[in-house]
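Here's final_17.cif, which has mmCIF, C-alpha atoms:
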```cif
data_query
#
loop_
_atom_site.group_PDB
_atom_site.id
_atom_site.type_symbol
_atom_site.label_atom_id
_atom_site.label_comp_id
_atom_site.auth_asym_id
_atom_site.auth_seq_id
_atom_site.Cartn_x
_atom_site.Cartn_y
_atom_site.Cartn_z
ATOM 1 C CA MET D 1 29.743 -36.299 33.551
ATOM 2 C CA ARG D 2 29.025 -40.005 33.306
ATOM 3 C CA ASN D 3 25.800 -39.609 35.273
ATOM 4 C CA GLU D 4 24.594 -36.905 32.900
ATOM 5 C CA LEU D 5 25.235 -39.156 29.895
ATOM 6 C CA ASN D 6 23.292 -41.972 31.511
ATOM 7 C CA VAL D 7 20.336 -39.702 32.178
ATOM 8 C CA LEU D 8 20.438 -38.519 28.558
ATOM 9 C CA TRP D 9 20.431 -42.087 27.244
ATOM 10 C CA MET D 10 17.503 -42.969 29.492
ATOM 11 C CA LEU D 11 15.501 -40.030 28.144
ATOM 12 C CA LEU D 12 16.213 -40.980 24.537
ATOM 13 C CA PHE D 13 15.136 -44.588 24.980
ATOM 14 C CA ALA D 14 12.081 -43.551 26.971
ATOM 15 C CA VAL D 15 10.640 -41.656 23.966
ATOM 16 C CA PRO D 16 8.181 -43.936 22.119
ATOM 17 C CA PRO D 17 8.657 -44.482 18.384
ATOM 18 C CA ALA D 18 6.867 -42.112 16.055
ATOM 19 C CA VAL D 19 3.386 -43.243 15.116
ATOM 20 C CA ALA D 20 2.336 -42.979 11.500
ATOM 21 C CA GLN D 21 0.132 -39.921 11.183
ATOM 22 C CA VAL D 22 -3.106 -40.034 9.254
ATOM 23 C CA ASN D 23 -3.183 -37.337 6.607
ATOM 24 C CA VAL D 24 -6.495 -35.568 6.208
ATOM 25 C CA SER D 25 -6.755 -33.380 3.110
ATOM 26 C CA ILE D 26 -9.518 -30.825 3.526
ATOM 27 C CA GLY D 27 -11.463 -29.525 0.564
ATOM 28 C CA LEU D 28 -14.502 -27.300 0.250
ATOM 29 C CA PRO D 29 -17.239 -28.210 0.799
ATOM 30 C CA ASN D 30 -16.233 -31.884 1.176
ATOM 31 C CA MET D 31 -13.048 -33.513 2.309
ATOM 32 C CA SER D 32 -11.155 -36.692 1.639
ATOM 33 C CA ILE D 33 -9.911 -38.628 4.655
ATOM 34 C CA ALA D 34 -7.427 -41.470 4.841
ATOM 35 C CA VAL D 35 -10.053 -44.085 3.982
ATOM 36 C CA ASN D 36 -9.371 -45.199 0.444
ATOM 37 C CA LEU D 37 -11.503 -48.183 -0.512
ATOM 38 C CA PRO D 38 -10.654 -49.782 -3.864
ATOM 39 C CA MET D 39 -14.021 -51.570 -3.937
ATOM 40 C CA TYR D 40 -17.328 -51.768 -2.130
ATOM 41 C CA PRO D 41 -16.727 -53.072 1.420
ATOM 42 C CA GLU D 42 -18.437 -55.969 3.125
ATOM 43 C CA LEU D 43 -21.030 -54.657 5.591
ATOM 44 C CA VAL D 44 -22.530 -56.756 8.386
ATOM 45 C CA PRO D 45 -25.443 -55.737 10.677
ATOM 46 C CA VAL D 46 -24.620 -55.028 14.299
ATOM 47 C CA PRO D 47 -26.834 -57.455 16.306
ATOM 48 C CA GLY D 48 -29.784 -55.601 17.835
ATOM 49 C CA TYR D 49 -28.929 -52.259 16.103
ATOM 50 C CA PRO D 50 -30.091 -50.700 12.837
ATOM 51 C CA VAL D 51 -26.428 -50.131 11.989
ATOM 52 C CA TYR D 52 -23.951 -52.014 9.767
ATOM 53 C CA TYR D 53 -20.185 -52.192 10.310
ATOM 54 C CA ALA D 54 -17.257 -53.314 8.130
ATOM 55 C CA PRO D 55 -15.470 -56.175 9.940
ATOM 56 C CA ARG D 56 -12.677 -56.480 7.335
ATOM 57 C CA LEU D 57 -11.673 -52.845 7.261
ATOM 58 C CA ASP D 58 -9.025 -51.363 9.502
ATOM 59 C CA SER D 59 -11.227 -48.365 10.260
ATOM 60 C CA ASN D 60 -14.347 -47.436 12.220
ATOM 61 C CA PHE D 61 -16.704 -47.732 9.260
ATOM 62 C CA PHE D 62 -20.498 -47.850 9.700
ATOM 63 C CA PHE D 63 -23.688 -47.558 7.625
ATOM 64 C CA TYR D 64 -26.929 -46.209 9.081
ATOM 65 C CA ASP D 65 -30.173 -44.883 7.598
ATOM 66 C CA GLY D 66 -28.856 -44.623 4.025
ATOM 67 C CA MET D 67 -25.486 -42.974 4.783
ATOM 68 C CA TYR D 68 -21.944 -44.064 5.629
ATOM 69 C CA TRP D 69 -20.320 -42.922 8.876
ATOM 70 C CA VAL D 70 -16.625 -42.969 9.789
ATOM 71 C CA TYR D 71 -15.039 -42.149 13.139
ATOM 72 C CA GLN D 72 -11.398 -41.146 12.759
ATOM 73 C CA ASP D 73 -9.042 -38.901 14.741
ATOM 74 C CA ASP D 74 -11.863 -38.067 17.167
ATOM 75 C CA ASN D 75 -13.987 -36.698 14.310
ATOM 76 C CA TRP D 76 -17.102 -38.021 12.613
ATOM 77 C CA TYR D 77 -17.581 -37.967 8.840
ATOM 78 C CA ALA D 78 -20.593 -38.805 6.668
ATOM 79 C CA SER D 79 -21.114 -39.570 2.996
ATOM 80 C CA SER D 80 -23.717 -41.030 0.642
ATOM 81 C CA TRP D 81 -21.025 -43.045 -1.178
ATOM 82 C CA TYR D 82 -18.763 -45.654 0.346
ATOM 83 C CA ASN D 83 -15.507 -43.920 -0.667
ATOM 84 C CA GLY D 84 -16.562 -40.334 -0.121
ATOM 85 C CA PRO D 85 -16.066 -37.470 -0.483
ATOM 86 C CA TRP D 86 -16.716 -37.052 3.215
ATOM 87 C CA ARG D 87 -18.355 -34.228 5.114
ATOM 88 C CA MET D 88 -17.324 -33.542 8.695
ATOM 89 C CA VAL D 89 -20.129 -33.869 11.241
ATOM 90 C CA GLN D 90 -20.047 -32.031 14.556
ATOM 91 C CA PRO D 91 -20.459 -34.149 17.725
ATOM 92 C CA TYR D 92 -23.934 -32.679 18.175
ATOM 93 C CA GLY D 93 -25.003 -33.897 14.714
ATOM 94 C CA VAL D 94 -24.082 -37.596 15.014
ATOM 95 C CA PRO D 95 -27.173 -39.884 15.034
ATOM 96 C CA ALA D 96 -27.945 -41.496 18.377
ATOM 97 C CA TYR D 97 -27.985 -45.042 16.990
ATOM 98 C CA VAL D 98 -24.489 -44.586 15.591
ATOM 99 C CA LEU D 99 -23.301 -43.378 18.998
ATOM 100 C CA ARG D 100 -24.864 -46.450 20.639
ATOM 101 C CA VAL D 101 -22.778 -48.991 18.714
ATOM 102 C CA PRO D 102 -20.732 -50.993 21.274
ATOM 103 C CA VAL D 103 -16.974 -50.523 21.550
ATOM 104 C CA ARG D 104 -16.163 -53.988 20.184
ATOM 105 C CA TYR D 105 -17.398 -52.999 16.692
ATOM 106 C CA TYR D 106 -14.819 -50.246 16.365
ATOM 107 C CA ARG D 107 -12.099 -51.933 14.297
ATOM 108 C CA GLN D 108 -9.603 -49.170 15.076
ATOM 109 C CA PRO D 109 -10.531 -47.883 18.540
ATOM 110 C CA PRO D 110 -8.685 -44.785 19.769
ATOM 111 C CA ALA D 111 -6.547 -44.794 22.898
ATOM 112 C CA HIS D 112 -9.211 -43.250 25.150
ATOM 113 C CA PHE D 113 -11.469 -46.297 24.522
ATOM 114 C CA ARG D 114 -9.190 -48.483 26.622
ATOM 115 C CA GLY D 115 -10.799 -49.782 29.800
ATOM 116 C CA TRP D 116 -14.340 -49.265 28.539
ATOM 117 C CA ARG D 117 -16.702 -52.213 28.347
ATOM 118 C CA PRO D 118 -16.669 -53.812 24.865
ATOM 119 C CA SER D 119 -20.412 -54.536 25.016
ATOM 120 C CA ALA D 120 -21.339 -50.944 25.931
ATOM 121 C CA PRO D 121 -21.209 -47.833 23.770
ATOM 122 C CA PRO D 122 -18.294 -45.405 24.180
ATOM 123 C CA ARG D 123 -18.536 -42.940 27.048
ATOM 124 C CA TRP D 124 -19.297 -39.925 24.949
ATOM 125 C CA ASN D 125 -20.572 -38.002 28.008
ATOM 126 C CA ASP D 126 -17.156 -38.189 29.637
ATOM 127 C CA HIS D 127 -15.275 -37.620 26.427
ATOM 128 C CA TRP D 128 -17.156 -34.605 25.029
ATOM 129 C CA GLY D 129 -18.085 -32.976 28.327
ATOM 130 C CA SER D 130 -21.143 -31.889 30.253
ATOM 131 C CA GLU D 131 -22.387 -29.382 27.677
ATOM 132 C CA TRP D 132 -22.627 -32.108 25.050
ATOM 133 C CA ALA D 133 -24.277 -34.438 27.580
ATOM 134 C CA GLN D 134 -26.960 -31.853 28.335
ATOM 135 C CA ARG D 135 -27.774 -31.234 24.693
ATOM 136 C CA ARG D 136 -27.783 -34.949 23.842
ATOM 137 C CA SER D 137 -29.362 -36.250 26.997
ATOM 138 C CA GLY D 138 -30.996 -39.681 26.642
ATOM 139 C CA TRP D 139 -28.801 -40.773 23.743
ATOM 140 C CA ASP D 140 -27.765 -43.931 25.641
ATOM 141 C CA ARG D 141 -31.303 -44.954 26.653
ATOM 142 C CA TRP D 142 -33.793 -46.505 24.218
ATOM 143 C CA ASP D 143 -36.301 -49.292 23.893
ATOM 144 C CA ARG D 144 -34.574 -52.100 22.007
ATOM 145 C CA SER D 145 -37.876 -53.598 20.938
ATOM 146 C CA LYS D 146 -38.736 -50.383 19.104
ATOM 147 C CA ALA D 147 -35.476 -50.063 17.216
ATOM 148 C CA PRO D 148 -36.050 -49.286 13.513
ATOM 149 C CA VAL D 149 -35.352 -51.818 10.806
ATOM 150 C CA PRO D 150 -31.930 -51.425 9.148
ATOM 151 C CA ALA D 151 -32.046 -49.496 5.910
ATOM 152 C CA PRO D 152 -31.272 -51.417 2.718
ATOM 153 C CA LEU D 153 -27.700 -51.255 1.510
ATOM 154 C CA PRO D 154 -27.021 -49.309 -1.721
ATOM 155 C CA ALA D 155 -25.789 -52.424 -3.492
ATOM 156 C CA TYR D 156 -25.728 -50.638 -6.853
ATOM 157 C CA GLN D 157 -22.472 -48.962 -5.776
ATOM 158 C CA ARG D 158 -20.634 -52.270 -6.183
ATOM 159 C CA LYS D 159 -20.476 -51.555 -9.921
ATOM 160 C CA TYR D 160 -18.480 -48.346 -9.335
ATOM 161 C CA SER D 161 -14.933 -48.883 -8.149
ATOM 162 C CA GLY D 162 -11.437 -47.831 -9.107
ATOM 163 C CA ASP D 163 -11.440 -45.675 -12.227
ATOM 164 C CA ARG D 164 -15.206 -46.024 -12.565
ATOM 165 C CA TYR D 165 -15.847 -44.335 -9.221
ATOM 166 C CA PRO D 166 -18.048 -41.305 -10.048
ATOM 167 C CA GLY D 167 -17.318 -37.706 -9.271
ATOM 168 C CA VAL D 168 -19.320 -35.524 -6.909
ATOM 169 C CA GLU D 169 -21.657 -34.180 -9.587
ATOM 170 C CA GLN D 170 -22.391 -37.675 -10.951
ATOM 171 C CA GLN D 171 -22.981 -39.252 -7.551
ATOM 172 C CA THR D 172 -26.225 -37.394 -6.880
ATOM 173 C CA GLY D 173 -27.832 -38.467 -10.144
ATOM 174 C CA LEU D 174 -26.751 -42.097 -9.781
ATOM 175 C CA HIS D 175 -27.948 -42.202 -6.194
ATOM 176 C CA ASP D 176 -31.396 -40.809 -7.044
ATOM 177 C CA ARG D 177 -31.903 -43.263 -9.913
ATOM 178 C CA ASN D 178 -30.692 -46.405 -8.132
ATOM 179 C CA TYR D 179 -31.458 -45.879 -4.436
ATOM 180 C CA ARG D 180 -35.038 -44.871 -3.614
ATOM 181 C CA TYR D 181 -34.663 -45.055 0.154
ATOM 182 C CA GLN D 182 -35.068 -41.762 2.033
ATOM 183 C CA PRO D 183 -33.575 -41.193 5.520
ATOM 184 C CA ARG D 184 -36.081 -41.380 8.380
ATOM 185 C CA ASP D 185 -33.924 -40.156 11.233
ATOM 186 C CA PRO D 186 -34.254 -36.312 11.446
ATOM 187 C CA VAL D 187 -30.545 -35.944 12.185
ATOM 188 C CA VAL D 188 -29.571 -38.086 9.187
ATOM 189 C CA ARG D 189 -32.052 -36.300 6.948
ATOM 190 C CA GLN D 190 -30.460 -32.988 7.834
ATOM 191 C CA GLN D 191 -26.968 -34.263 6.999
ATOM 192 C CA HIS D 192 -28.237 -35.817 3.782
ATOM 193 C CA GLU D 193 -29.795 -32.584 2.542
ATOM 194 C CA ALA D 194 -26.739 -30.540 3.493
ATOM 195 C CA GLN D 195 -24.499 -32.868 1.534
ATOM 196 C CA ARG D 196 -26.700 -32.642 -1.551
ATOM 197 C CA GLU D 197 -26.851 -28.846 -1.490
ATOM 198 C CA GLN D 198 -23.220 -28.016 -0.821
ATOM 199 C CA PRO D 199 -21.630 -29.324 -4.047
ATOM 200 C CA ALA D 200 -23.911 -27.061 -6.114
ATOM 201 C CA GLN D 201 -23.252 -24.068 -3.851
ATOM 202 C CA ALA D 202 -19.482 -24.564 -3.885
ATOM 203 C CA ARG D 203 -19.324 -24.917 -7.647
ATOM 204 C CA PRO D 204 -17.328 -21.917 -8.940
ATOM 205 C CA ALA D 205 -19.054 -19.441 -11.210
ATOM 206 C CA PRO D 206 -18.163 -19.858 -14.883
ATOM 207 C CA VAL D 207 -15.452 -17.511 -16.050
ATOM 208 C CA PRO D 208 -16.479 -15.585 -19.189
ATOM 209 C CA SER D 209 -14.281 -16.679 -22.049
ATOM 210 C CA ARG D 210 -12.567 -13.999 -24.055
ATOM 211 C CA GLN D 211 -13.621 -13.991 -27.692
ATOM 212 C CA ALA D 212 -10.767 -14.099 -30.121
ATOM 213 C CA ALA D 213 -10.409 -11.074 -32.394
ATOM 214 C CA PRO D 214 -11.558 -11.749 -35.984
ATOM 215 C CA ASN D 215 -8.841 -12.275 -38.545
ATOM 216 C CA VAL D 216 -8.298 -9.155 -40.622
ATOM 217 C CA PRO D 217 -7.920 -9.827 -44.380
ATOM 218 C CA ARG D 218 -4.680 -8.648 -45.929
ATOM 219 C CA ASP D 219 -6.408 -6.297 -48.383
ATOM 220 C CA ARG D 220 -7.931 -4.337 -45.484
ATOM 221 C CA THR D 221 -6.363 -1.873 -43.143
ATOM 222 C CA PRO D 222 -4.971 -3.772 -40.159
ATOM 223 C CA GLY D 223 -6.156 -2.930 -36.697
ATOM 224 C CA PRO D 224 -4.114 -1.083 -34.099
ATOM 225 C CA GLN D 225 -2.708 -4.323 -32.774
ATOM 226 C CA THR D 226 -1.072 -5.130 -36.154
ATOM 227 C CA VAL D 227 0.538 -1.707 -36.789
ATOM 228 C CA PRO D 228 4.215 -1.628 -35.764
ATOM 229 C CA ARG D 229 4.989 0.780 -32.982
ATOM 230 C CA SER D 230 7.533 2.663 -35.101
ATOM 231 C CA ASN D 231 4.971 3.362 -37.871
ATOM 232 C CA MET D 232 2.106 4.500 -35.680
ATOM 233 C CA PRO D 233 1.144 8.197 -36.172
ATOM 234 C CA PRO D 234 1.579 10.486 -33.163
ATOM 235 C CA PRO D 235 -1.522 11.282 -31.091
ATOM 236 C CA ALA D 236 -3.562 14.361 -31.925
ATOM 237 C CA GLY D 237 -2.336 17.592 -30.292
ATOM 238 C CA THR D 238 1.279 16.470 -29.907
ATOM 239 C CA VAL D 239 4.262 18.153 -31.580
ATOM 240 C CA GLU D 240 6.918 15.974 -33.044
ATOM 241 C CA LYS D 241 10.397 16.798 -31.846
ATOM 242 C CA PRO D 242 13.033 17.068 -34.613
ATOM 243 C CA VAL D 243 15.528 14.293 -34.548
ATOM 244 C CA PRO D 244 19.031 15.782 -34.185
ATOM 245 C CA ALA D 245 21.427 14.890 -36.984
ATOM 246 C CA GLN D 246 24.215 12.659 -35.928
ATOM 247 C CA SER D 247 27.632 14.164 -36.380
ATOM 248 C CA PRO D 248 30.309 12.020 -37.990
ATOM 249 C CA PRO D 249 32.591 10.295 -35.562
ATOM 250 C CA GLN D 250 35.638 12.361 -34.695
ATOM 251 C CA GLN D 251 39.124 11.061 -35.133
ATOM 252 C CA ARG D 252 40.729 10.064 -31.904
ATOM 253 C CA ILE D 253 44.438 10.787 -31.697
ATOM 254 C CA THR D 254 46.436 8.726 -29.298
ATOM 255 C CA PRO D 255 48.994 10.578 -27.197
ATOM 256 C CA ALA D 256 52.555 10.543 -28.423
ATOM 257 C CA LYS D 257 54.839 7.923 -27.036
ATOM 258 C CA GLN D 258 58.229 8.543 -25.409
ATOM 259 C CA GLN D 259 61.191 10.405 -27.133
ATOM 260 C CA GLY D 260 58.797 13.013 -28.615
ATOM 261 C CA LYS D 261 57.374 10.847 -31.375
ATOM 262 C CA PRO D 262 54.152 12.156 -32.893
ATOM 263 C CA GLY D 263 50.959 10.330 -32.002
ATOM 264 C CA LYS D 264 49.309 7.930 -34.358
ATOM 265 C CA GLN D 265 45.803 8.323 -35.572
ATOM 266 C CA ASP D 266 43.332 5.545 -34.990
ATOM 267 C CA PRO D 267 41.864 3.996 -38.094
ATOM 268 C CA VAL D 268 38.637 5.704 -39.104
ATOM 269 C CA PRO D 269 35.772 3.560 -40.406
ATOM 270 C CA HIS D 270 34.976 3.856 -44.095
ATOM 271 C CA GLN D 271 32.796 6.897 -44.811
ATOM 272 C CA GLN D 272 31.236 8.257 -47.948
ATOM 273 C CA PRO D 273 32.801 11.529 -49.273
ATOM 274 C CA GLU D 274 30.969 14.637 -48.268
ATOM 275 C CA SER D 275 29.217 16.580 -51.036
ATOM 276 C CA ARG D 276 30.638 20.076 -51.542
ATOM 277 C CA PRO D 277 28.579 23.148 -52.606
ATOM 278 C CA HIS D 278 28.695 24.284 -56.221
ATOM 279 C CA ASN D 279 29.949 27.796 -55.364
ATOM 280 C CA GLU D 280 33.200 26.601 -53.821
ATOM 281 C CA ASP D 281 35.964 28.925 -55.065
ATOM 282 C CA ALA D 282 39.091 26.858 -54.703
ATOM 283 C CA ALA D 283 39.589 23.230 -55.606
ATOM 284 C CA ALA D 284 41.176 20.781 -53.300
ATOM 285 C CA PRO D 285 44.970 20.696 -53.443
ATOM 286 C CA GLY D 286 46.422 18.167 -55.825
ATOM 287 C CA LYS D 287 43.297 18.130 -57.992
ATOM 288 C CA ALA D 288 42.523 19.859 -61.302
ATOM 289 C CA ALA D 289 40.740 23.196 -61.255
ATOM 290 C CA ARG D 290 37.103 23.344 -62.184
ATOM 291 C CA PRO D 291 35.957 24.661 -65.621
ATOM 292 C CA GLU D 292 34.733 27.959 -64.175
ATOM 293 C CA GLN D 293 38.183 28.758 -62.807
ATOM 294 C CA GLU D 294 39.954 27.849 -66.081
ATOM 295 C CA HIS D 295 37.603 30.086 -68.046
ATOM 296 C CA GLY D 296 38.404 33.079 -65.820
ATOM 297 C CA LYS D 297 42.161 32.638 -66.301
ATOM 298 C CA ASP D 298 41.820 32.589 -70.093
ATOM 299 C CA ALA D 299 39.787 35.812 -70.052
ATOM 300 C CA GLY D 300 42.504 37.554 -68.046
ATOM 301 C CA ARG D 301 45.212 36.557 -70.495
ATOM 302 C CA GLU D 302 43.225 37.947 -73.438
ATOM 303 C CA LYS D 303 42.748 41.323 -71.723
ATOM 304 C CA ALA D 304 46.476 41.605 -70.961
ATOM 305 C CA HIS D 305 47.345 40.781 -74.578
ATOM 306 C CA ASP D 306 44.956 43.471 -75.920
ATOM 307 C CA LYS D 307 46.500 46.166 -73.680
ATOM 308 C CA ALA D 308 49.967 45.269 -74.916
ATOM 309 C CA ASP D 309 48.854 45.637 -78.536
ATOM 310 C CA GLU D 310 47.364 49.086 -77.815
ATOM 311 C CA ARG D 311 50.670 50.296 -76.291
ATOM 312 C CA GLY D 312 52.593 49.126 -79.352
ATOM 313 C CA GLN D 313 50.312 50.925 -81.766
ATOM 314 C CA ASP D 314 50.605 54.190 -79.782
ATOM 315 C CA GLY D 315 54.384 53.994 -79.980
ATOM 316 C CA ARG D 316 54.360 53.603 -83.723
ATOM 317 C CA ARG D 317 52.211 56.656 -84.074
#
```
Could you quickly redo this structure as structure tokens?
Amino acid sequence: MRNELNVLWMLLFAVPPAVAQVNVSIGLPNMSIAVNLPMYPELVPVPGYPVYYAPRLDSNFFFYDGMYWVYQDDNWYASSWYNGPWRMVQPYGVPAYVLRVPVRYYRQPPAHFRGWRPSAPPRWNDHWGSEWAQRRSGWDRWDRSKAPVPAPLPAYQRKYSGDRYPGVEQQTGLHDRNYRYQPRDPVVRQQHEAQREQPAQARPAPVPSRQAAPNVPRDRTPGPQTVPRSNMPPPAGTVEKPVPAQSPPQQRITPAKQQGKPGKQDPVPHQQPESRPHNEDAAAPGKAARPEQEHGKDAGREKAHDKADERGQDGRR
């Protein structure tokens, strides 16, 4: 048991501490990587190369032929502005002069750069495989005396930092007005055109706005939306069903309790007296008879009195 615990402790301590991961938020068509520059960086030319690098940044940040290039998490990104947004570039689309920058100018070299000569470019043939090496053959061979002159830096971008940093749609206009340089490298020109076209293509189509219904004056007939549901006429061709009359609530008699006591009636809510027909013969008990009934009784008494007088007169005769 003790040996198993020792082995477990050795495995736990052998695990290296967690390395802070770099978050990459992807957006269409551009993306924002974990390179957030609050202001325009200092760029210095790489000796003997038409490429600039940022010695004070903790990232592999370069500038070549009018565009910025960043190597991060084994991916290449390009942008026309120093703080993006960035567009991912496939390994086949990275300019040769950017690939030729020596290892020592990578301020944050990845782990697979270890053991490579600082004065030589990274071994992209070994890293990306034979297929990439065949398609990009000759990338590591060039005549240094015929290297192009470094492109001018877009110094106008120093005025745009922090909250003044322009959006994607504003960047193109500012770049065209302030930076007249055009890329000369065919690979860079292709990336530059693709970056200019994609923001316009990815812009969502405008959603047609719904027009508000005009206000209906009070002296006019309101529209269907203002008529209450209960007052709306029935549709044509439908027959209205008669609404059954509600019968008055019946009295509920509770069952009698023990010892044979009669049950009690529940209190009945107050109701209006029912109207009785005019031809009702008998009056309710305890109430006075109606005038029609009293008149009939008086007529009967008069007839009986007349008959008695006739009998008396016959007897006298």
Do you have the atom CA of D:Ala147-atom CA of D:Ala96 distance handy?
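Going from atom CA of D:Ala147 over to atom CA of D:Ala96, I get 11.5 Å.
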Apply the PyMOL selection byres ((chain D and resi 150) around 8) to the file shown and report the selected residues as a ChimeraX atom specification.
/D:45,49-51,64-65,148-149,151-152
Å distance separating atom CA of D:Arg177 from atom CA of D:Pro41, one decimal place
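For atom CA of D:Arg177 relative to atom CA of D:Pro41, the distance reads 21.3 Å.
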How far is it from atom CA of D:Val101 to atom CA of D:Ala120, in Å with one decimal?
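About the pair atom CA of D:Val101 and atom CA of D:Ala120: they are 7.6 Å apart.
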Write out as a ChimeraX atom specification the residues lying within 12 Å of D:Ser119, counting all atoms listed in the file and excluding same-chain residues fewer than 6 positions away.
/D:46-48,100-106
Please write as a list of chain:residue names the full residue list that the PyMOL selection byres ((chain D and resi 84) around 10) yields on this file.
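Here the PyMOL selection byres ((chain D and resi 84) around 10) matches D:Asn30, D:Met31, D:Ser32, D:Ile33, D:Val35, D:Asn36, D:Leu37, D:Tyr68, D:Tyr77, D:Ala78, D:Ser79, D:Ser80, D:Trp81, D:Tyr82, D:Asn83, D:Pro85, D:Trp86, D:Arg87, D:Tyr165, D:Gly167, D:Val168, D:Gln171.
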Which residues, named as in the file, does the PyMOL selection byres ((chain D and resi 154-159) around 8) pick out? Answer as a list in words.
Met39, Tyr40, Gly66, Trp81, Tyr82, Pro152, Leu153, Tyr160, Ser161, Asn178 and Tyr179 of chain D
